[in-house]
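Here's the structure we're looking at; comments come further down.
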Amino acid sequence: MSSSEGSGDIPKGSASNQVNGIDPLDWKREQDKLISKIGNFEKQLTQTALKLATLESDLKARTQERDELRKQVVELQDQVQETKKQNQKNALESNTVETMKQKSEEMLTRAKDVIFEKTKVIKNQELQIEALTQQISSLKEVVRITKDLLEIRNIEVKHLQEKIDNMDAKINSEKDKHNLIQSKLEKMVQLNCELKREYETQLCLFTALRERYNERELARNVLRDLNNENNDAGSASGNAADSSSN
C-alpha cells in the first residue's frame with residue numbers, strides 16, 4: 001500500500017510554477033521592466049516639455065528683439081531718406097551729409113547683419129522646437145503602445161493564472177479521488193484479512209469437528225465389531241448347549 005500511495009501523489013507546484021512553458025515569475029519581471037520603461041519615458045517627456053517651454057520663451061524673447069531691430073532698421077532707413085532730402089536741400093553741407101550717410105549705411109548694414117543672425121538663430125530654435133515636438137509625439141506614442149502591451153500582458157497573466165487555478169482544482173480533485181480509492185482499497189484489504197482470518201477459524205473448527213466425527217465413527221465401528229463378536233460367541237455357545245442336550 002505504501003508504494004501505491006507514493007506513486008499516486010501529484011505535486012501541486014509542478015502545474016502552478018509553469019504552464020505551457022511560461023513561468024509567471026518571468027511575466028512579473030517583464031511587467032516590472034515595462035513599468036520602469038514607462039516611468040523613464042514619462043520623465044523624459046517631462047524634461048523635454050520643460051526644455052520646449054524654455055526654448056519657446058527664448059524664441060519669444062528673440063522674436064521681440066528681432067522686431068525691435070527691424071523697427072530700428074526702419075527708423076534708420078527713414079533717417080537715411082531724411083538725410084538724402086537734407087543732402088538735396090543742403091548742397092553746402094554735402095560732406096557732413098555724406099558722412100552721416102556713410103554712418104547711416106554702416107549702421108543699416110550692421111543692423112541687417114544682426115537681424116540676419118537673429119533670424120538664423122530663431123530659425124534654428126524653431127527647427128529645434130519642431131524636432132522636440134516630434135520627439136514628444138513619438139514618446140507619447142511609445143508610452144501609449146507600452147501601456148497597451150502592459151495591459152495585454154496583464155490580461156494574458158490573468159488568463160494564465162485562471163488556467164493554473166483550474167489545473168490546481170483538477171489536481172486537488174484527482175488527489176481526493178485517489179485518496180478515496182486508496183482508502184477503499186485499504187478497507188477492502190482489511191476486510192479481506194478479516195475474512196481470511198474468519199475462513200481460517202472456520203476451517204480449523206471444521207477440521208476439529210471432522211476429526212471428532214471420525215473418532216466417533218471409529219468408536220462406533222469398534223463397538224459394533226465388539227457387539228458382533230459377542231453375538232457370535234453367544235450364538236456358538238447356545239448351539240453347543242442344544243447339541244449336548246440332544
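Chain lettering (A, B, ...) mirrors the order of the C-alpha cells, residue numbering begins at 1 for each chain separately, and ligand numbering begins at 1 in order of display.
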| said: Give me the residues near Asn154 (chain A) as a list of chain:residue names, where near means some atom within 12 Å (using only C-alpha atoms) and where sequence neighbours in that chain fewer than 2 positions away do not count. | reply: A:Pro24, A:Trp27, A:Lys28, A:Glu30, A:Gln31, A:Asp32, A:Leu34, A:Ile35, A:Lys147, A:Asp148, A:Leu149, A:Leu150, A:Glu151, A:Ile152, A:Glu156, A:Val157, A:Lys158, A:His159, A:Leu160, A:Gln161
Just write the chosen residues, N, CA and C atoms, as an mmCIF file, in the first residue's frame.
data_model
loop_
_atom_site.group_PDB
_atom_site.id
_atom_site.type_symbol
_atom_site.label_atom_id
_atom_site.label_comp_id
_atom_site.auth_asym_id
_atom_site.auth_seq_id
_atom_site.Cartn_x
_atom_site.Cartn_y
_atom_site.Cartn_z
ATOM 1 N N PRO A 24 5.223 32.280 -14.528
ATOM 2 C CA PRO A 24 4.629 33.524 -14.054
ATOM 3 C C PRO A 24 5.648 34.509 -13.505
ATOM 4 N N TRP A 27 6.765 36.525 -16.331
ATOM 5 C CA TRP A 27 5.746 37.532 -16.644
ATOM 6 C C TRP A 27 5.871 38.723 -15.692
ATOM 7 N N LYS A 28 6.075 38.452 -14.418
ATOM 8 C CA LYS A 28 6.177 39.510 -13.424
ATOM 9 C C LYS A 28 7.397 40.377 -13.669
ATOM 10 N N GLU A 30 8.939 40.816 -16.545
ATOM 11 C CA GLU A 30 8.704 41.569 -17.785
ATOM 12 C C GLU A 30 7.778 42.749 -17.523
ATOM 13 N N GLN A 31 6.766 42.518 -16.674
ATOM 14 C CA GLN A 31 5.840 43.602 -16.334
ATOM 15 C C GLN A 31 6.554 44.720 -15.586
ATOM 16 N N ASP A 32 7.451 44.386 -14.642
ATOM 17 C CA ASP A 32 8.212 45.407 -13.914
ATOM 18 C C ASP A 32 9.103 46.204 -14.853
ATOM 19 N N LEU A 34 8.548 46.778 -18.068
ATOM 20 C CA LEU A 34 7.694 47.677 -18.847
ATOM 21 C C LEU A 34 7.264 48.890 -18.025
ATOM 22 N N ILE A 35 6.926 48.676 -16.739
ATOM 23 C CA ILE A 35 6.530 49.791 -15.871
ATOM 24 C C ILE A 35 7.703 50.754 -15.684
ATOM 25 N N LYS A 147 1.945 50.998 -22.696
ATOM 26 C CA LYS A 147 0.822 50.765 -21.784
ATOM 27 C C LYS A 147 -0.134 49.716 -22.356
ATOM 28 N N ASP A 148 -0.379 49.790 -23.673
ATOM 29 C CA ASP A 148 -1.245 48.789 -24.299
ATOM 30 C C ASP A 148 -0.627 47.390 -24.173
ATOM 31 N N LEU A 149 0.697 47.300 -24.431
ATOM 32 C CA LEU A 149 1.374 45.998 -24.285
ATOM 33 C C LEU A 149 1.309 45.503 -22.851
ATOM 34 N N LEU A 150 1.472 46.430 -21.901
ATOM 35 C CA LEU A 150 1.389 46.044 -20.494
ATOM 36 C C LEU A 150 -0.004 45.551 -20.144
ATOM 37 N N GLU A 151 -1.012 46.214 -20.690
ATOM 38 C CA GLU A 151 -2.395 45.782 -20.447
ATOM 39 C C GLU A 151 -2.627 44.391 -21.033
ATOM 40 N N ILE A 152 -2.090 44.178 -22.256
ATOM 41 C CA ILE A 152 -2.223 42.854 -22.879
ATOM 42 C C ILE A 152 -1.524 41.797 -22.030
ATOM 43 N N GLU A 156 -3.063 38.507 -20.301
ATOM 44 C CA GLU A 156 -2.511 37.167 -20.512
ATOM 45 C C GLU A 156 -2.131 36.515 -19.182
ATOM 46 N N VAL A 157 -1.539 37.307 -18.276
ATOM 47 C CA VAL A 157 -1.178 36.762 -16.960
ATOM 48 C C VAL A 157 -2.430 36.347 -16.196
ATOM 49 N N LYS A 158 -3.498 37.163 -16.323
ATOM 50 C CA LYS A 158 -4.748 36.835 -15.642
ATOM 51 C C LYS A 158 -5.321 35.523 -16.176
ATOM 52 N N HIS A 159 -5.335 35.375 -17.514
ATOM 53 C CA HIS A 159 -5.827 34.131 -18.107
ATOM 54 C C HIS A 159 -4.951 32.950 -17.706
ATOM 55 N N LEU A 160 -3.639 33.176 -17.675
ATOM 56 C CA LEU A 160 -2.722 32.110 -17.272
ATOM 57 C C LEU A 160 -2.963 31.695 -15.826
ATOM 58 N N GLN A 161 -3.214 32.694 -14.955
ATOM 59 C CA GLN A 161 -3.482 32.379 -13.558
ATOM 60 C C GLN A 161 -4.786 31.604 -13.426
#
| For CA of Asp225 (chain A) and CA of Arg212 (chain A), the interatomic separation in Å (one decimal) |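 Going from CA of Asp225 (chain A) over to CA of Arg212 (chain A), I get 19.7 Å.
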| task | Tell me which of A:Leu209, A:Leu223, A:Ala49, A:Leu59 sits closest to Leu127 (chain A), counting only C-alpha atoms. | result | A:Leu59
| said: For Gln79 (chain A), find every residue with an atom within 12 Å (counting only C-alpha atoms), except residues of its own chain fewer than 5 positions away, and show them as a PyMOL selection string. | reply: chain A and resi 72-74+84-87+97+100-105+107-108
May I have the residues from that selection written out with C-alpha atoms, as a CSV table (one decimal), in the first residue's frame?
chain,number,residue,atom,x,y,z
A,72,GLN,CA,15.3,100.4,-35.6
A,73,VAL,CA,16.2,99.5,-39.2
A,74,VAL,CA,13.0,101.2,-40.4
A,84,LYS,CA,19.1,112.3,-48.6
A,85,LYS,CA,16.5,115.0,-48.5
A,86,GLN,CA,18.7,117.2,-46.4
A,87,ASN,CA,21.5,116.4,-48.8
A,97,VAL,CA,25.7,114.7,-45.2
A,100,MET,CA,26.1,110.9,-41.9
A,101,LYS,CA,25.0,108.8,-44.9
A,102,GLN,CA,28.0,106.6,-44.6
A,103,LYS,CA,27.4,106.2,-40.9
A,104,SER,CA,23.7,105.5,-41.5
A,105,GLU,CA,24.6,102.9,-44.2
A,107,MET,CA,24.5,101.2,-39.1
A,108,LEU,CA,21.9,99.9,-41.5
